[in-house]
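Worksheet: the structure to be examined is printed underneath.
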Amino acid sequence: MNRFALGILPTPLVRADRLRAAVGCGPLWVKRDDLLGFAVAGNKVRALEHLLGDARARGRDVLVTGGGPDSNFVAAAAQAARVAGLDCELVVWGDPHGTTNLALATAAGARIHPLGSDDRGRVDGEVARLGAELEREGRRPLAVPRGGATPVGALGFACAAAEVVAQWTEAQAPTVVIPVGSGGSVAGLLAGLAGTGWRVLGASVSRPPDEITAAVLALAGATAALLDSPPPCREQLTIVDARGPGFGVASPADRAAADLVLRTEGLLLDDTYGAKAAAVAIEHVAHAGPDPTLLWSTGGLVSALSHVSELRGYRPEVRSHSPEGAP
Ligand SMILES: Cc1ncc(COP(=O)(O)O)c(C=O)c1O
C-alpha cells in the first residue's frame, strides 16, 4: 500500500449529546472528516492519499481526473497533485465558470478541460482519452475516474474503517450513516469493516439505490482483494434513496436536519451530501432504540459556506441598543 500523507489523522470521533437529546435516541457519535486537515476537501483526502501514493510509486507525473463544476474532489485533486509533485488536468462537465471549487483548482495550477456538455456520464471516457493523448505526448499520466472511485482510492476508507474501530469505546457496534456519491468512500468502509459486526447505512445522493449498491459491492470486493482480506459482507450494507429534489438540492427535511445539527453541535453541513446523510441518520435513529449510531461528516465546506451566504430571505435581526436620549 503506497500512501502519500496529506491529512491530519485520525480525525476526531465526537459524541453528539446535544443532538442526541434533541432527537431522543441512543448514543450518537460524529466522525469529523470535515476536519481532515488538508485544503477544505473533507473525505476525498483519504482517497487522494492512496491515489497519489500509487501515482508516485509508479513514476506518474500528471494526474488526470474530472467531475462537476461544484466538485469537492476536483479541487482537492488539484491541490493534492501539486503537493505530491504532479501536474493536474481536469475534465469538467457543465458550466465551468464561477464556482469556488474550480477557482481553487485553477489557483492550485490545474488545467480545466470543459466537456462542453451536462452529461456527467461522459467524464470518465474523456479522462481516459485525455490520459492516452498525454501519454502519446510523452507524459506519464495517471487517469482516475470521477470521485477517485477505484480500488486504490477506496483503500483510503478501508484505512478509515480501522481508524474508527480503534477509536470506538461503546460495547455495541454502531450503524455508520454516510453519504454516497461515486460510492468510493462507502465501498472502502465496507471492505475495511468486514468481520466487525458494524453496519453501514449509505445515503445515495445521485443514483438509485439498486444501481449504486451493485457498484459499491463490486468496488468493495476489488478493494478487499487488494488488501487480501475476505470479501465484504452484503448484509452489513444498506443504501437508501436520499436524492430528494435532485443532486445538490436539499429537501425541507434535509435542511431541517442540517439546521438541527448546526444548532446543537455547531457542525456545518452542505446540501449535497451532509444534509442528506443527516436526514437519513435522524430518520434511522427514530427506529434504532438504544443502539448506537455514528454519522460520518464528510466535509463539503465550500458548498456549505456558499449555501449559508445565499440563503434566500435571510435578513439579519438587528436590535437597536441606543441608550435612551442618545441622538
Ligand atoms: C463532501 C463529500 N461528501 C461525500 C462525498 C461522497 O463520497 P463518494 O463519492 O466517495 O461516495 C463526496 C464526493 O465528492 C463529497 O465531496
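Ligands are numbered from 1 in the order shown, chains are lettered A, B, ... in the order of the C-alpha cells, and residues start at 1 in each chain.
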Kindly provide the residues of chain A that approach ligand 1 to within 8 Å, each paired with its closest atom pair and their distance in Å to one decimal, based on only C-alpha atoms and all ligand atoms, listed by chain and increasing number, as a Markdown table.
| residue | atom | partner | partner_atom_place_in_ligand_line | distance |
| --- | --- | --- | --- | --- |
| A:Asp34 | CA | ligand 1 | 1 (C) | 7.8 |
| A:Ala41 | CA | ligand 1 | 16 (O) | 7.0 |
| A:Gly42 | CA | ligand 1 | 1 (C) | 5.8 |
| A:Asn43 | CA | ligand 1 | 2 (C) | 6.1 |
| A:Lys44 | CA | ligand 1 | 16 (O) | 6.4 |
| A:Ser71 | CA | ligand 1 | 14 (O) | 6.1 |
| A:Asn72 | CA | ligand 1 | 16 (O) | 4.6 |
| A:Phe73 | CA | ligand 1 | 14 (O) | 5.2 |
| A:Arg146 | CA | ligand 1 | 9 (O) | 8.0 |
| A:Gly147 | CA | ligand 1 | 9 (O) | 4.9 |
| A:Gly148 | CA | ligand 1 | 10 (O) | 7.3 |
| A:Ala149 | CA | ligand 1 | 10 (O) | 6.4 |
| A:Ala154 | CA | ligand 1 | 10 (O) | 7.9 |
| A:Ile178 | CA | ligand 1 | 4 (C) | 7.6 |
| A:Pro179 | CA | ligand 1 | 4 (C) | 5.3 |
| A:Val180 | CA | ligand 1 | 11 (O) | 3.8 |
| A:Gly181 | CA | ligand 1 | 11 (O) | 3.5 |
| A:Ser182 | CA | ligand 1 | 9 (O) | 3.6 |
| A:Gly183 | CA | ligand 1 | 11 (O) | 3.5 |
| A:Gly184 | CA | ligand 1 | 10 (O) | 3.8 |
| A:Ser185 | CA | ligand 1 | 10 (O) | 3.7 |
| A:Val186 | CA | ligand 1 | 11 (O) | 6.1 |
| A:Ala187 | CA | ligand 1 | 10 (O) | 7.9 |
| A:Asp270 | CA | ligand 1 | 1 (C) | 7.4 |
| A:Thr272 | CA | ligand 1 | 1 (C) | 7.7 |
| A:Tyr273 | CA | ligand 1 | 3 (N) | 5.1 |
| A:Gly274 | CA | ligand 1 | 3 (N) | 6.6 |
| A:Ser297 | CA | ligand 1 | 3 (N) | 7.6 |
| A:Thr298 | CA | ligand 1 | 3 (N) | 4.5 |
| A:Gly299 | CA | ligand 1 | 1 (C) | 4.3 |
| A:Gly300 | CA | ligand 1 | 1 (C) | 3.5 |
| A:Leu301 | CA | ligand 1 | 1 (C) | 7.2 |
Residues within 12 Å of A:Pro27, only C-alpha atoms, excluding chain neighbours under 3 positions, as a ChimeraX atom specification = /A:14-21,23-24,30,168-175,285,288-295
Q.
Taking 5 positions as the minimum chain separation for residues in the same chain, which residues sit within 7 Å of A:Leu63 when counting only C-alpha atoms? Answer as an MDAnalysis selection string.
A. chainID A and resid 81 86:89 141:143
Based on the selection just made, write N, CA, C and O atoms of those residues as a PDB file, in the first residue's frame.
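Result file result15.pdb:
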ATOM      1  N   ALA A  81      -2.434  16.980  -5.972  1.00  0.00           N
ATOM      2  CA  ALA A  81      -1.486  16.616  -7.031  1.00  0.00           C
ATOM      3  C   ALA A  81      -0.253  17.507  -6.940  1.00  0.00           C
ATOM      4  O   ALA A  81       0.891  17.042  -6.997  1.00  0.00           O
ATOM      5  N   LEU A  86       2.920  16.438  -8.824  1.00  0.00           N
ATOM      6  CA  LEU A  86       2.358  16.099 -10.132  1.00  0.00           C
ATOM      7  C   LEU A  86       1.598  17.295 -10.698  1.00  0.00           C
ATOM      8  O   LEU A  86       1.079  18.128  -9.955  1.00  0.00           O
ATOM      9  N   ASP A  87       1.490  17.357 -12.020  1.00  0.00           N
ATOM     10  CA  ASP A  87       0.561  18.288 -12.645  1.00  0.00           C
ATOM     11  C   ASP A  87      -0.845  17.694 -12.551  1.00  0.00           C
ATOM     12  O   ASP A  87      -1.015  16.514 -12.215  1.00  0.00           O
ATOM     13  N   CYS A  88      -1.829  18.512 -12.900  1.00  0.00           N
ATOM     14  CA  CYS A  88      -3.210  18.021 -12.804  1.00  0.00           C
ATOM     15  C   CYS A  88      -4.032  18.572 -13.959  1.00  0.00           C
ATOM     16  O   CYS A  88      -4.004  19.774 -14.246  1.00  0.00           O
ATOM     17  N   GLU A  89      -4.735  17.676 -14.658  1.00  0.00           N
ATOM     18  CA  GLU A  89      -5.617  18.045 -15.773  1.00  0.00           C
ATOM     19  C   GLU A  89      -7.016  17.555 -15.405  1.00  0.00           C
ATOM     20  O   GLU A  89      -7.189  16.385 -15.034  1.00  0.00           O
ATOM     21  N   PRO A 141       0.851   9.854 -17.399  1.00  0.00           N
ATOM     22  CA  PRO A 141      -0.378  10.221 -16.675  1.00  0.00           C
ATOM     23  C   PRO A 141      -0.933   9.090 -15.802  1.00  0.00           C
ATOM     24  O   PRO A 141      -0.731   7.907 -16.094  1.00  0.00           O
ATOM     25  N   LEU A 142      -1.619   9.479 -14.752  1.00  0.00           N
ATOM     26  CA  LEU A 142      -2.492   8.542 -14.034  1.00  0.00           C
ATOM     27  C   LEU A 142      -3.914   9.051 -14.241  1.00  0.00           C
ATOM     28  O   LEU A 142      -4.247  10.162 -13.804  1.00  0.00           O
ATOM     29  N   ALA A 143      -4.730   8.277 -14.956  1.00  0.00           N
ATOM     30  CA  ALA A 143      -6.120   8.668 -15.217  1.00  0.00           C
ATOM     31  C   ALA A 143      -7.012   8.037 -14.156  1.00  0.00           C
ATOM     32  O   ALA A 143      -6.979   6.816 -13.955  1.00  0.00           O
TER      33      ALA A 143
END
>> Quick one: residues within 9 Å of A:Gly59, only C-alpha atoms, excluding same-chain residues fewer than 4 positions away - as a PyMOL selection string?
In response: chain A and resi 54-55+140
* Output as a ChimeraX atom specification all residues of stretch 165-237 of chain A that backbone DSSP marks as alpha helix (DSSP H). => /A:165-167,184-192,209-227
Å distance separating atom CA of A:Glu137 from atom CA of A:Leu102, one decimal place: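 Atom CA of A:Glu137 sits 25.5 Å away from atom CA of A:Leu102.
With only C-alpha atoms as the atoms that count, the residue of A:Gln167, A:Thr106, A:Thr150, A:Thr65 with the shortest distance to A:Leu9 is A:Gln167.
Relative to atom CA of A:Ala78, atom CA of A:Leu155 is found at 19.7 Å.
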DSSP-assigned strand (DSSP E or B) members of stretch 48-111 of chain A, reported as a PyMOL selection string:
chain A and resi 62-67+87-92+111
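By only C-alpha atoms, and with residues fewer than 3 positions from stretch 225-241 of chain A along its chain excluded, the set lying at most 8 Å from it is Pro151, Val152, Leu190, Ala191, Leu193, Ala194, Gly195, Gly197, Trp198, Arg199, Val200, Leu201, Gly202, Ala203, Ser204, Val205, Arg207, Pro208, Pro209, Ile212, Thr213, Leu217, Ala220, Gly221, Ala222 and Gly244 of chain A.
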Just the number, please: distance in Å from atom CA of A:Leu90 to atom CA of A:His307, one decimal.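 Rounded to one decimal, the two atoms are 24.5 Å apart.
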Residue with the minimum atom-to-atom distance to A:Gly125, picked from A:Leu104, A:Ala214, A:Val64, A:Val176 with only C-alpha atoms counted, is A:Val64
| Hey, which of A:Val74, A:Gly67, A:Arg136, A:His284 ends up closest to A:Asp124? Count only C-alpha atoms. |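 Looking only at the distances to A:Asp124, the closest residue turns out to be A:Gly67.
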Judged by only C-alpha atoms, the minimum distance to A:Gly121 among A:Ser206, A:Gln79, A:Ala107, A:Ala257 is found for A:Ser206
